[in-house]
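J.: Here it is, the structure, as structure tokens.
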Amino acid sequence: MHLPLIQKPCVLPRRENDFDRYTPLAFDAMGCRFEILIDAERSSIDRGDCVAVCENLRDLVHDWHRRLSVFEPSSLASHINRATANDPICVDEDMFALLKLCEHLREQTGGVFNIACGTLMMAHGFRNETIEDLAGLDLSCAFKLNRSDRTITKTDSRIGLDFGAIAKGFVLDLMRDELDDLGIEHAFIHGGTSSVLGIGDGKDGQPWSVLIDTGIEIRLNGFSMGVSELYGRSVQTDLITSGHLMNPDLLAPATSNLSRVVCVHPSAAIADAYSTACSVSPLLIDQLGDESCTLVALREDNEPVFHDPLRVVCFKS
């Protein structure tokens with residue numbers, strides 16, 4: 001597959017006449033370019049309905065963009081971030097489910113994956129807002145969730161949530177659910193090439209294939225892929241370049257010798273979260289690689305480190 005108008009091409013080329021087979025839609029959301037491809041030829045619905053499905057999926061992504069964007073003052077995420085400590089904020093069922101998932105993933109990664117790292121994004125120059133004093137800040141208990149009234153309560157007024165490390169994967173999982181409900185068995189979706197979902201297989205029954213580095217291909221037979229780079233975004237202060245991934249224990253930008261971490265998992269949200277966590281703390285690669293996911297860690301000028309229980313990694317000469 002070749003993805004048009006994207007930041008970093010990572011998917012194998014497709015022939016132009018493949019568009020006779022696939023129903024495509026590309027749009028901007030969540031700070032990147034999304035692309036949807038539905039295999040209309042093998043779909044139980046006609047091409048016109050496939051177009052409508054793509055448009056509905058686009059609307060779903062835009063809806064979650066409006067909820068989660070910290071750059072939109074009217075978003076639910078911004079509303080939570082403006083709240084003071086001990087001020088409970090009521091959220092809808094879907095948002096509460098996302099918050100619960102984020103807390104579960106924080107526990108699974110020993111605290112390394114933490115949406116409260118948005119606080120550190122503000123403190124280290126990645127947001128318009130700034131925080132000067134981090135004294136006494138504890139991100140391990142940044143907020144409390146109450147199931148009975150579906151509320152989130154921050155424990156410190158300085159806490160700022162940021163869903164950037166999971167938002168695209170989360171919506172890809174919702175899109176998969178929509179396609180499953182419609183009986184669509186073959187589709188490919190990506191958000192900015194860093195969050196990728198392959199449903200079923202591609203043309204001629206071949207797996208959806210994604211290039212993550214020279215000679216390294218990932219075959220997505222119904223799996224999702226998350227890609228994280230420590231310096232995917234960066235700022236420079238006093239001749240020091242800091243990447244956008246934060247270490248919640250040190251309250252500072254993360255540092256490691258990894259250039260890229262790729263995670264393949266049945267859930268796109270978990271793939272995104274694990275790839276981010278392993279970029280921040282490479283020691284997690286061995287721990288999480290024992291689970292039902294594939295992890296590939298790339299270092300500059302070194303052989304990749306990988307755990308591949310899903311058998312999706314293919315080395316090309």
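In the structure tokens, each chain is lettered A, B, ... as it comes, each chain's residues begin at 1, and ligands are numbered from 1 in order of appearance.
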Can you pull out every residue within 10 Å of Asp138 of chain A, counting only C-alpha atoms, but drop anything in the same chain fewer than 3 positions away, and send it as a PyMOL selection string?
T.: chain A and resi 116+134-135+141-142+155-156+159+248-249+251
J.: Any idea what's packed within 9 Å of segment 168-175 of chain A, counting only C-alpha atoms, ignoring anything in its chain fewer than 3 positions away? Could you give it as JSON, numbers by chain?
T.: {"A": [30, 57, 60, 61, 64, 98, 163, 164, 165, 178, 179, 180, 189, 190, 191, 192, 194, 195, 196, 197, 224, 225, 226, 267, 268, 269, 270, 271, 272, 273]}
J.: Set the distance at 9 Å and use only C-alpha atoms: which residues neighbour Glu41 of chain A once local chain neighbours fewer than 3 positions away are removed? I'd like the list as a ChimeraX atom specification.
T.: /A:20-22,38,44,46-47
J.: Residues as selected, C-alpha atoms, written as a CSV table (one decimal), in the first residue's frame, can you do that?
T.:
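Output contents, as saved in part_11.csv:
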chain,number,residue,atom,x,y,z
A,20,ASP,CA,-11.2,0.1,-8.7
A,21,ARG,CA,-11.3,-2.4,-5.9
A,22,TYR,CA,-11.0,-0.2,-2.8
A,38,ILE,CA,-12.5,-0.6,2.4
A,44,SER,CA,-21.4,-7.5,1.7
A,46,ASP,CA,-22.4,-2.0,-2.4
A,47,ARG,CA,-19.8,0.6,-3.3
J.: Can you work out which one of A:Met246, A:Ile45, A:Ile216, A:Ile199 has the shortest atom-to-atom distance to Leu120 of chain A, counting only C-alpha atoms?
T.: A:Met246
J.: Rounded to one decimal in Å, what is the spacing between atom CA of Thr23 of chain A and atom CA of Ser69 of chain A?
T.: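 We find that atom CA of Thr23 of chain A and atom CA of Ser69 of chain A lie 28.3 Å from each other.
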J.: Report as JSON, numbers by chain all protein, DNA and RNA residues lying within 10 Å of segment 73-81 of chain A, evaluated on only C-alpha atoms, omitting residues in the same chain fewer than 3 positions from it.
T.: {"A": [64, 65, 66, 67, 68, 69, 70, 84, 87, 88, 89, 90, 91, 92, 95, 116, 118, 119, 152, 153, 154, 157, 158, 159, 160, 161, 162, 163]}
J.: What residues in segment 26-247 of chain A get the DSSP label strand (DSSP E or B)? Please answer as number ranges by chain.
T.: A: 26-29, 32-39, 89-90, 143-146, 151-154, 187-191, 195-199, 208-213, 216-220, 224-228, 234-237, 240-243, 246-247
J.: Could you jot down the atom CA of Ala297 of chain A to atom CA of Gly198 of chain A separation for me, Å, one decimal place?
T.: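 So the answer is 20.8 Å.
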J.: Name the residues of segment 80-192 of chain A that come out as alpha helix (DSSP H) in a backbone DSSP run; write them as JSON, numbers by chain.
T.: {"A": [80, 81, 82, 93, 94, 95, 96, 97, 98, 99, 100, 101, 102, 103, 104, 105, 106, 107, 108, 118, 119, 120, 121, 122, 123, 167, 168, 169, 170, 171, 172, 173, 174, 175, 176, 177, 178, 179, 180, 181]}
J.: Go ahead and write the selection's residues with C-alpha atoms as a PDB file, in the first residue's frame.
T.:
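Result written to again29.pdb:
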ATOM      1  CA  ILE A  80     -10.926  18.540  32.727  1.00  0.00           C
ATOM      2  CA  ASN A  81      -7.550  20.281  32.503  1.00  0.00           C
ATOM      3  CA  ARG A  82      -9.049  23.595  33.634  1.00  0.00           C
ATOM      4  CA  GLU A  93     -19.858   6.602  29.317  1.00  0.00           C
ATOM      5  CA  ASP A  94     -17.437   6.394  26.377  1.00  0.00           C
ATOM      6  CA  MET A  95     -15.042   8.916  27.894  1.00  0.00           C
ATOM      7  CA  PHE A  96     -15.152   7.113  31.224  1.00  0.00           C
ATOM      8  CA  ALA A  97     -14.298   3.848  29.441  1.00  0.00           C
ATOM      9  CA  LEU A  98     -11.268   5.540  27.859  1.00  0.00           C
ATOM     10  CA  LEU A  99     -10.127   6.903  31.224  1.00  0.00           C
ATOM     11  CA  LYS A 100     -10.475   3.441  32.790  1.00  0.00           C
ATOM     12  CA  LEU A 101      -8.444   1.937  29.948  1.00  0.00           C
ATOM     13  CA  CYS A 102      -5.727   4.547  30.449  1.00  0.00           C
ATOM     14  CA  GLU A 103      -5.554   3.730  34.161  1.00  0.00           C
ATOM     15  CA  HIS A 104      -5.347   0.009  33.380  1.00  0.00           C
ATOM     16  CA  LEU A 105      -2.489   0.632  30.944  1.00  0.00           C
ATOM     17  CA  ARG A 106      -0.706   2.815  33.483  1.00  0.00           C
ATOM     18  CA  GLU A 107      -0.767  -0.132  35.888  1.00  0.00           C
ATOM     19  CA  GLN A 108       0.281  -2.607  33.168  1.00  0.00           C
ATOM     20  CA  GLY A 118       0.318  16.277  29.698  1.00  0.00           C
ATOM     21  CA  THR A 119       1.378  18.178  32.801  1.00  0.00           C
ATOM     22  CA  LEU A 120       5.007  17.655  31.794  1.00  0.00           C
ATOM     23  CA  MET A 121       4.276  18.658  28.203  1.00  0.00           C
ATOM     24  CA  MET A 122       3.257  22.053  29.581  1.00  0.00           C
ATOM     25  CA  ALA A 123       6.253  22.245  31.901  1.00  0.00           C
ATOM     26  CA  ALA A 167      -6.260   8.729  21.003  1.00  0.00           C
ATOM     27  CA  LYS A 168      -5.668   7.469  17.471  1.00  0.00           C
ATOM     28  CA  GLY A 169      -5.465   3.844  18.544  1.00  0.00           C
ATOM     29  CA  PHE A 170      -8.622   4.234  20.605  1.00  0.00           C
ATOM     30  CA  VAL A 171     -10.606   5.551  17.639  1.00  0.00           C
ATOM     31  CA  LEU A 172      -9.193   2.832  15.376  1.00  0.00           C
ATOM     32  CA  ASP A 173     -10.627   0.269  17.794  1.00  0.00           C
ATOM     33  CA  LEU A 174     -14.012   2.024  17.618  1.00  0.00           C
ATOM     34  CA  MET A 175     -13.788   2.016  13.823  1.00  0.00           C
ATOM     35  CA  ARG A 176     -13.058  -1.695  13.841  1.00  0.00           C
ATOM     36  CA  ASP A 177     -16.161  -2.263  15.971  1.00  0.00           C
ATOM     37  CA  GLU A 178     -18.261  -0.306  13.468  1.00  0.00           C
ATOM     38  CA  LEU A 179     -16.923  -2.318  10.532  1.00  0.00           C
ATOM     39  CA  ASP A 180     -17.450  -5.602  12.397  1.00  0.00           C
ATOM     40  CA  ASP A 181     -21.082  -4.653  13.054  1.00  0.00           C
TER      41      ASP A 181
END
J.: Rounded to one decimal in Å, what is the spacing between atom CA of His186 of chain A and atom CA of Asp204 of chain A?
T.: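 Those two atoms sit 11.6 Å apart.
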